[in-house]
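One file, coords_2.csv, is given below (CSV, C-alpha atoms).
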```csv
chain,number,residue,atom,x,y,z
A,80,MET,CA,106.0,23.1,87.9
A,81,ASP,CA,105.3,25.4,85.0
A,82,LYS,CA,101.6,24.8,85.5
A,83,LYS,CA,101.9,25.6,89.3
A,84,LEU,CA,103.7,28.8,88.5
A,85,ASP,CA,101.0,29.8,85.9
A,86,ILE,CA,98.8,30.9,88.8
A,87,LEU,CA,101.2,33.8,89.3
A,88,LYS,CA,99.9,35.3,86.1
A,89,ASN,CA,96.7,36.1,87.9
A,90,ILE,CA,98.4,38.6,90.2
A,91,GLN,CA,97.0,41.9,89.2
A,92,GLU,CA,98.8,45.2,88.8
A,93,VAL,CA,97.9,47.8,91.4
A,94,GLU,CA,98.2,51.5,91.4
A,95,ALA,CA,101.1,53.1,93.3
A,96,PRO,CA,100.0,55.0,96.3
A,97,ASP,CA,99.0,58.6,95.6
A,98,GLN,CA,101.2,60.1,98.3
A,99,LEU,CA,104.3,58.3,97.0
A,100,TYR,CA,105.6,61.2,94.8
A,101,ASP,CA,105.2,63.7,97.7
A,102,LYS,CA,107.2,61.4,100.0
A,103,VAL,CA,109.9,61.0,97.4
A,104,LEU,CA,110.2,64.8,96.9
A,105,SER,CA,110.2,65.3,100.7
A,106,ARG,CA,113.1,62.9,101.2
A,107,ILE,CA,115.1,64.5,98.4
A,108,GLN,CA,114.5,68.0,99.8
A,109,ASN,CA,115.3,67.0,103.4
A,110,ARG,CA,118.6,65.4,102.6
A,111,LYS,CA,121.6,67.1,104.1
A,112,PRO,CA,123.8,68.4,101.4
A,113,ASN,CA,127.3,67.0,101.2
A,114,ILE,CA,129.7,69.5,102.7
A,115,ILE,CA,132.5,68.2,100.6
A,116,SER,CA,131.9,66.3,97.4
A,117,LEU,CA,133.1,62.7,97.3
A,118,ARG,CA,135.4,63.4,94.4
A,119,TRP,CA,137.3,66.2,96.2
A,120,ALA,CA,137.5,64.0,99.3
A,121,SER,CA,139.0,61.1,97.3
A,122,THR,CA,141.5,63.4,95.7
A,123,ALA,CA,142.6,64.8,99.0
A,124,VAL,CA,143.1,61.3,100.4
A,125,ALA,CA,145.1,60.2,97.4
A,126,VAL,CA,147.4,63.3,97.7
A,127,VAL,CA,147.9,62.6,101.5
A,128,MET,CA,148.7,59.0,100.7
A,129,LEU,CA,151.2,60.1,98.1
A,130,PHE,CA,153.0,62.4,100.6
A,131,ILE,CA,153.1,59.6,103.2
A,132,ALA,CA,154.6,57.2,100.6
A,133,LEU,CA,157.2,59.9,99.6
A,134,ASP,CA,158.1,60.5,103.3
A,135,ILE,CA,158.6,56.8,103.9
A,136,TYR,CA,160.7,56.5,100.8
A,137,ALA,CA,162.8,59.5,101.9
A,138,ILE,CA,163.2,58.3,105.5
A,139,TYR,CA,164.2,54.9,104.2
A,140,HIS,CA,166.9,56.3,102.0
A,141,ILE,CA,168.2,58.8,104.6
A,142,ASN,CA,168.6,56.0,107.1
A,143,LYS,CA,170.4,53.9,104.6
A,144,ASP,CA,172.9,56.7,103.9
A,145,ALA,CA,173.3,57.3,107.6
A,146,ASN,CA,174.2,53.7,108.1
A,147,GLN,CA,176.8,54.0,105.4
A,148,ASP,CA,178.3,57.0,107.2
A,149,GLU,CA,178.5,55.0,110.5
A,150,ILE,CA,180.2,52.1,108.8
A,151,THR,CA,182.8,54.5,107.2
A,152,ALA,CA,183.4,56.1,110.6
A,153,ILE,CA,184.2,52.8,112.2
A,154,ALA,CA,186.3,51.5,109.4
A,155,PRO,CA,189.9,52.9,109.3
A,156,VAL,CA,190.6,55.8,106.9
A,157,GLN,CA,192.7,54.8,103.9
A,158,ASP,CA,195.7,57.1,104.3
A,159,ASN,CA,198.5,54.6,103.4
A,160,GLN,CA,200.1,55.2,106.8
A,161,LEU,CA,200.7,51.8,108.3
A,162,TYR,CA,202.6,53.1,111.4
A,163,TYR,CA,203.7,56.3,112.9
A,164,GLU,CA,207.2,57.4,112.0
B,355,MET,CA,113.6,63.9,80.4
B,356,HIS,CA,112.0,65.5,83.4
B,357,PHE,CA,112.0,63.6,86.7
B,358,GLN,CA,108.3,64.0,87.2
B,359,ASP,CA,107.6,62.5,83.8
B,360,ILE,CA,109.8,59.5,84.5
B,361,TYR,CA,108.0,59.1,87.8
B,362,THR,CA,104.6,59.2,86.2
B,363,GLN,CA,105.6,56.7,83.5
B,364,HIS,CA,107.2,54.2,85.8
B,365,LYS,CA,105.6,54.5,89.3
B,366,ASN,CA,103.3,51.5,88.8
B,367,LEU,CA,106.1,49.4,87.3
B,368,VAL,CA,108.4,50.1,90.3
B,369,TYR,CA,105.7,49.7,92.9
B,370,ASN,CA,104.4,46.4,91.5
B,371,LEU,CA,107.9,45.0,91.0
B,372,ALA,CA,108.8,45.8,94.6
B,373,LEU,CA,105.6,44.1,95.6
B,374,GLN,CA,106.6,40.9,93.9
B,375,TYR,CA,109.8,40.9,96.0
B,376,THR,CA,108.3,41.9,99.3
B,377,GLN,CA,104.6,40.8,99.0
B,378,ASN,CA,103.9,43.7,101.4
B,379,LYS,CA,102.5,47.1,100.7
B,380,GLU,CA,104.4,49.1,103.2
B,381,ASP,CA,107.8,47.6,102.3
B,382,ALA,CA,107.0,48.0,98.6
B,383,GLU,CA,106.3,51.7,99.2
B,384,GLU,CA,109.5,52.2,101.0
B,385,ILE,CA,111.5,50.5,98.2
B,386,ALA,CA,109.7,52.6,95.6
B,387,GLN,CA,110.8,55.7,97.4
B,388,ASP,CA,114.4,54.5,97.4
B,389,VAL,CA,114.2,53.7,93.7
B,390,PHE,CA,113.0,57.1,92.7
B,391,ILE,CA,115.5,58.8,94.8
B,392,ALA,CA,118.2,56.8,93.1
B,393,VAL,CA,116.7,57.6,89.7
B,394,TYR,CA,116.7,61.3,90.7
B,395,ASP,CA,120.4,61.1,91.8
B,396,LYS,CA,121.6,59.1,88.8
B,397,LEU,CA,119.6,60.7,86.0
B,398,ASN,CA,122.5,62.8,84.8
B,399,THR,CA,124.7,59.7,84.5
B,400,PHE,CA,122.2,57.6,82.6
B,401,LYS,CA,123.9,57.2,79.2
B,402,ALA,CA,121.0,55.6,77.4
B,403,GLN,CA,123.0,52.5,76.6
B,404,SER,CA,119.8,50.7,77.5
B,405,LYS,CA,116.2,51.7,77.5
B,406,LEU,CA,115.1,53.9,80.3
B,407,GLN,CA,112.6,51.3,81.4
B,408,THR,CA,115.3,48.6,81.5
B,409,TRP,CA,117.4,50.9,83.7
B,410,VAL,CA,114.6,51.5,86.1
B,411,TYR,CA,113.9,47.8,86.3
B,412,ARG,CA,117.5,47.2,87.3
B,413,ILE,CA,117.5,49.8,90.0
B,414,THR,CA,114.2,48.4,91.4
B,415,ILE,CA,115.5,44.9,91.5
B,416,ASN,CA,118.7,45.9,93.2
B,417,LYS,CA,116.9,48.1,95.8
B,418,SER,CA,114.4,45.3,96.4
B,419,LEU,CA,117.1,42.7,97.0
B,420,ASP,CA,119.0,45.1,99.3
B,421,PHE,CA,115.9,45.9,101.3
B,422,MET,CA,115.1,42.2,101.7
B,423,LYS,CA,118.6,41.4,102.9
B,424,ALA,CA,118.5,44.3,105.4
B,425,LYS,CA,115.1,43.1,106.6
B,426,LYS,CA,116.3,39.6,107.1
B,427,ARG,CA,119.3,40.8,109.1
B,428,ARG,CA,117.1,42.9,111.4
B,429,LYS,CA,114.6,40.1,111.9
B,430,ARG,CA,117.4,37.6,112.7
B,431,SER,CA,119.0,39.8,115.3
B,432,PHE,CA,115.6,40.5,116.9
B,433,PHE,CA,114.7,36.8,116.7
B,434,PHE,CA,117.8,35.5,118.3
B,435,SER,CA,117.6,38.0,121.1
B,436,THR,CA,114.2,36.8,122.1
B,437,ILE,CA,114.1,33.1,121.4
B,438,GLN,CA,116.4,30.2,122.2
B,439,ILE,CA,118.5,29.0,119.3
B,440,ASP,CA,117.1,25.5,119.5
B,441,ASP,CA,113.6,26.8,118.8
B,442,VAL,CA,114.5,28.3,115.5
B,443,ASP,CA,112.4,27.0,112.7
B,444,LYS,CA,113.8,27.7,109.3
B,445,ASN,CA,110.4,27.5,107.6
B,446,ILE,CA,108.7,30.1,109.9
B,447,THR,CA,105.8,31.8,108.2
B,448,LEU,CA,106.2,35.5,108.7
B,449,PRO,CA,102.9,37.4,108.9
B,450,ASP,CA,104.0,39.8,106.2
B,451,PHE,CA,102.0,38.6,103.2
B,452,ASN,CA,99.9,41.6,102.2
B,453,HIS,CA,100.0,41.6,98.4
B,454,PRO,CA,97.1,43.8,97.2
B,455,GLY,CA,97.3,42.3,93.7
B,456,VAL,CA,96.4,38.8,94.8
B,457,LEU,CA,92.7,37.7,94.7
B,458,LEU,CA,91.4,36.5,98.0
B,459,GLU,CA,90.4,33.0,96.6
B,460,GLN,CA,94.0,32.5,95.4
B,461,LYS,CA,95.8,34.0,98.4
B,462,GLU,CA,96.7,30.8,100.1
B,463,GLU,CA,98.1,29.1,97.1
B,464,ILE,CA,100.0,32.1,95.9
B,465,ALA,CA,101.4,32.8,99.4
B,466,ARG,CA,102.6,29.2,99.5
B,467,ILE,CA,104.4,29.7,96.1
B,468,PHE,CA,105.9,33.0,97.3
B,469,ARG,CA,107.3,31.3,100.4
B,470,GLY,CA,109.1,29.0,98.0
B,471,ILE,CA,110.2,31.8,95.8
B,472,ASN,CA,111.6,33.7,98.8
B,473,GLN,CA,113.9,30.8,99.5
B,474,LEU,CA,115.6,30.9,96.1
B,475,ALA,CA,118.9,32.5,95.4
B,476,GLU,CA,118.6,36.2,94.3
B,477,ARG,CA,119.1,35.7,90.6
B,478,GLN,CA,116.8,32.6,90.5
B,479,LYS,CA,114.1,34.6,92.4
B,480,THR,CA,114.5,37.5,89.9
B,481,VAL,CA,114.2,35.3,86.9
B,482,ILE,CA,111.0,33.7,88.2
B,483,ILE,CA,109.5,37.2,89.0
B,484,LEU,CA,110.4,38.6,85.6
B,485,LEU,CA,109.3,35.6,83.5
B,486,LYS,CA,106.3,34.4,85.4
B,487,ILE,CA,104.8,37.4,87.1
B,488,GLU,CA,106.0,40.4,85.1
B,489,GLN,CA,105.6,38.1,82.0
B,490,LYS,CA,108.7,39.4,80.3
B,491,THR,CA,110.2,37.4,77.4
B,492,GLN,CA,113.5,35.7,77.9
B,493,ALA,CA,115.2,38.3,75.7
B,494,GLU,CA,113.7,41.1,77.9
B,495,THR,CA,114.7,39.3,81.1
B,496,ALA,CA,118.2,38.9,79.7
B,497,ALA,CA,118.5,42.6,78.9
B,498,ILE,CA,117.3,43.6,82.4
B,499,MET,CA,119.6,41.1,84.1
B,500,GLU,CA,122.5,41.7,81.7
B,501,LEU,CA,122.8,38.0,81.0
B,502,SER,CA,122.5,35.9,77.8
B,503,THR,CA,119.2,34.3,77.1
B,504,LYS,CA,120.9,30.9,77.6
B,505,ALA,CA,121.9,32.0,81.1
B,506,VAL,CA,118.4,33.1,81.8
B,507,GLU,CA,117.0,29.8,80.7
B,508,SER,CA,119.6,27.9,82.8
B,509,LEU,CA,118.7,30.1,85.9
B,510,TYR,CA,115.0,29.4,85.3
B,511,GLN,CA,115.4,25.7,85.1
B,512,ARG,CA,117.4,25.6,88.3
B,513,ALA,CA,114.9,27.8,90.0
B,514,LYS,CA,112.0,25.5,89.0
B,515,LYS,CA,113.9,22.4,90.2
B,516,LYS,CA,114.5,24.0,93.6
B,517,LEU,CA,111.0,25.2,93.9
B,518,GLU,CA,109.7,21.7,93.1
B,519,LYS,CA,111.8,20.4,96.1
B,520,ILE,CA,110.6,23.2,98.4
B,521,LEU,CA,106.9,23.0,97.5
B,522,LYS,CA,106.7,19.2,97.8
```

Can the structure from this file be put into structure tokens for me?
Amino acid sequence: MDKKLDILKNIQEVEAPDQLYDKVLSRIQNRKPNIISLRWASTAVAVVMLFIALDIYAIYHINKDANQDEITAIAPVQDNQLYYE
Amino acid sequence: MHFQDIYTQHKNLVYNLALQYTQNKEDAEEIAQDVFIAVYDKLNTFKAQSKLQTWVYRITINKSLDFMKAKKRRKRSFFFSTIQIDDVDKNITLPDFNHPGVLLEQKEEIARIFRGINQLAERQKTVIILLKIEQKTQAETAAIMELSTKAVESLYQRAKKKLEKILK
């Protein structure tokens, strides 16, 4: 196999096309600029996710406390009064 | 280093390496453009942990492989939309072989070998191109591919075995 592949050594180097540089520059110059940089966009997303997570945490705990209040309201109040006099 | 200097020093390297992957002038030119745009964008982040040439090699290899994957996907979707699935021939010869560095008298044999190389896994294909066409040493190939020399040798041996089967 090595001998068969040796024929590949005969492939000659060719010159890059003359117009290649102009095409590269043209593509670079015609690119639309980013309105917002990726870094700022990522930071904004992270902050929003943090707020959502805090909201979920807060709502969960508010609901948990509300449930406790309901249970307390149903259960009789401890006033040591077993019957009316 | 100025972008234009980098371009001048590496344009033939990039274009020829892209040609080894695509065997087609038009595709190689498109890849070369993509490579130099990437070089332009990433030049500030190049930390000189490797040689500039090694870095450019890596970008060219990645862009070439991405281009070939995208091209295969486009051809597959066009192909299946026009031909019955039963007629698909895995070894279809696509009329894209247009490598300007190949002498006419050797074109048939080299095209045949490239058809085999094109069926290799990406890293095996890269090793064959770097060792046998670009004539890099194992150490240079290992540096470009960020592998050990043992890993390069192992990839090369597996690539050769597979090529033997394909080219029988």

Near Ile482 in chain B, within 9 Å and counting all atoms listed in the file, which residues show up once chain neighbours fewer than 5 positions away are dropped, as a VMD selection string? (chain A and resid 84) or (chain B and resid 471 477 487 to 488 509 to 510 513 to 514)

Where does chain B meet chain A within 9 Å, residue by residue, with the nearest atom pair and distance in Å to one decimal for each, counting all atoms listed in the file, listed by chain and rising number, as a Markdown table?
```
| residue | atom | partner | partner_atom | distance |
| --- | --- | --- | --- | --- |
| B:Gln358 | CA | A:Tyr100 | CA | 8.5 |
| B:Tyr361 | CA | A:Tyr100 | CA | 7.7 |
| B:Thr362 | CA | A:Tyr100 | CA | 8.9 |
| B:Lys365 | CA | A:Ala95 | CA | 6.2 |
| B:Asn366 | CA | A:Ala95 | CA | 5.3 |
| B:Leu367 | CA | A:Glu92 | CA | 8.6 |
| B:Val368 | CA | A:Ala95 | CA | 8.4 |
| B:Tyr369 | CA | A:Ala95 | CA | 5.7 |
| B:Asn370 | CA | A:Glu92 | CA | 6.3 |
| B:Glu383 | CA | A:Leu99 | CA | 7.2 |
| B:Glu384 | CA | A:Leu99 | CA | 9.0 |
| B:Ala386 | CA | A:Leu99 | CA | 8.0 |
| B:Gln387 | CA | A:Val103 | CA | 5.4 |
| B:Asp388 | CA | A:Val103 | CA | 7.9 |
| B:Phe390 | CA | A:Val103 | CA | 6.8 |
| B:Ile391 | CA | A:Val103 | CA | 6.6 |
| B:Tyr394 | CA | A:Ile107 | CA | 8.5 |
| B:His453 | CA | A:Ile90 | CA | 8.9 |
| B:Pro454 | CA | A:Val93 | CA | 7.1 |
| B:Gly455 | CA | A:Gln91 | CA | 4.5 |
| B:Val456 | CA | A:Ile90 | CA | 5.0 |
| B:Leu457 | CA | A:Ile90 | CA | 7.3 |
| B:Gln460 | CA | A:Ile86 | CA | 8.3 |
| B:Glu463 | CA | A:Ile86 | CA | 8.5 |
| B:Ile464 | CA | A:Leu87 | CA | 6.9 |
| B:Ile467 | CA | A:Leu84 | CA | 7.7 |
| B:Ile482 | CA | A:Leu84 | CA | 8.8 |
| B:Ile483 | CA | A:Leu87 | CA | 9.0 |
| B:Lys486 | CA | A:Leu87 | CA | 6.4 |
| B:Ile487 | CA | A:Lys88 | CA | 5.4 |
| B:Glu488 | CA | A:Lys88 | CA | 8.0 |
| B:Gln489 | CA | A:Lys88 | CA | 7.6 |
| B:Lys514 | CA | A:Met80 | CA | 6.6 |
| B:Lys515 | CA | A:Met80 | CA | 8.3 |
| B:Leu517 | CA | A:Met80 | CA | 8.1 |
| B:Glu518 | CA | A:Met80 | CA | 6.5 |
```

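Computed from the coordinates, the CA of Asp97 in chain A to CA of Ser418 in chain B distance equals 20.4 Å.
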
Could you tell me how far CA of Met422 in chain B sits from CA of Gln108 in chain A, in Å to one decimal place?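 Distance between the two atoms: 25.9 Å.
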
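Between CA of Asn472 in chain B and CA of Lys405 in chain B lies a distance of 28.3 Å.
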
Contacts of Ser404 in chain B at 12 Å (only C-alpha atoms; same-chain gap of 4+ positions) as a list in words: Phe400, Thr408, Trp409, Val410, Tyr411, Arg412, Glu494, Ala497, Ile498, Met499 and Glu500 of chain B
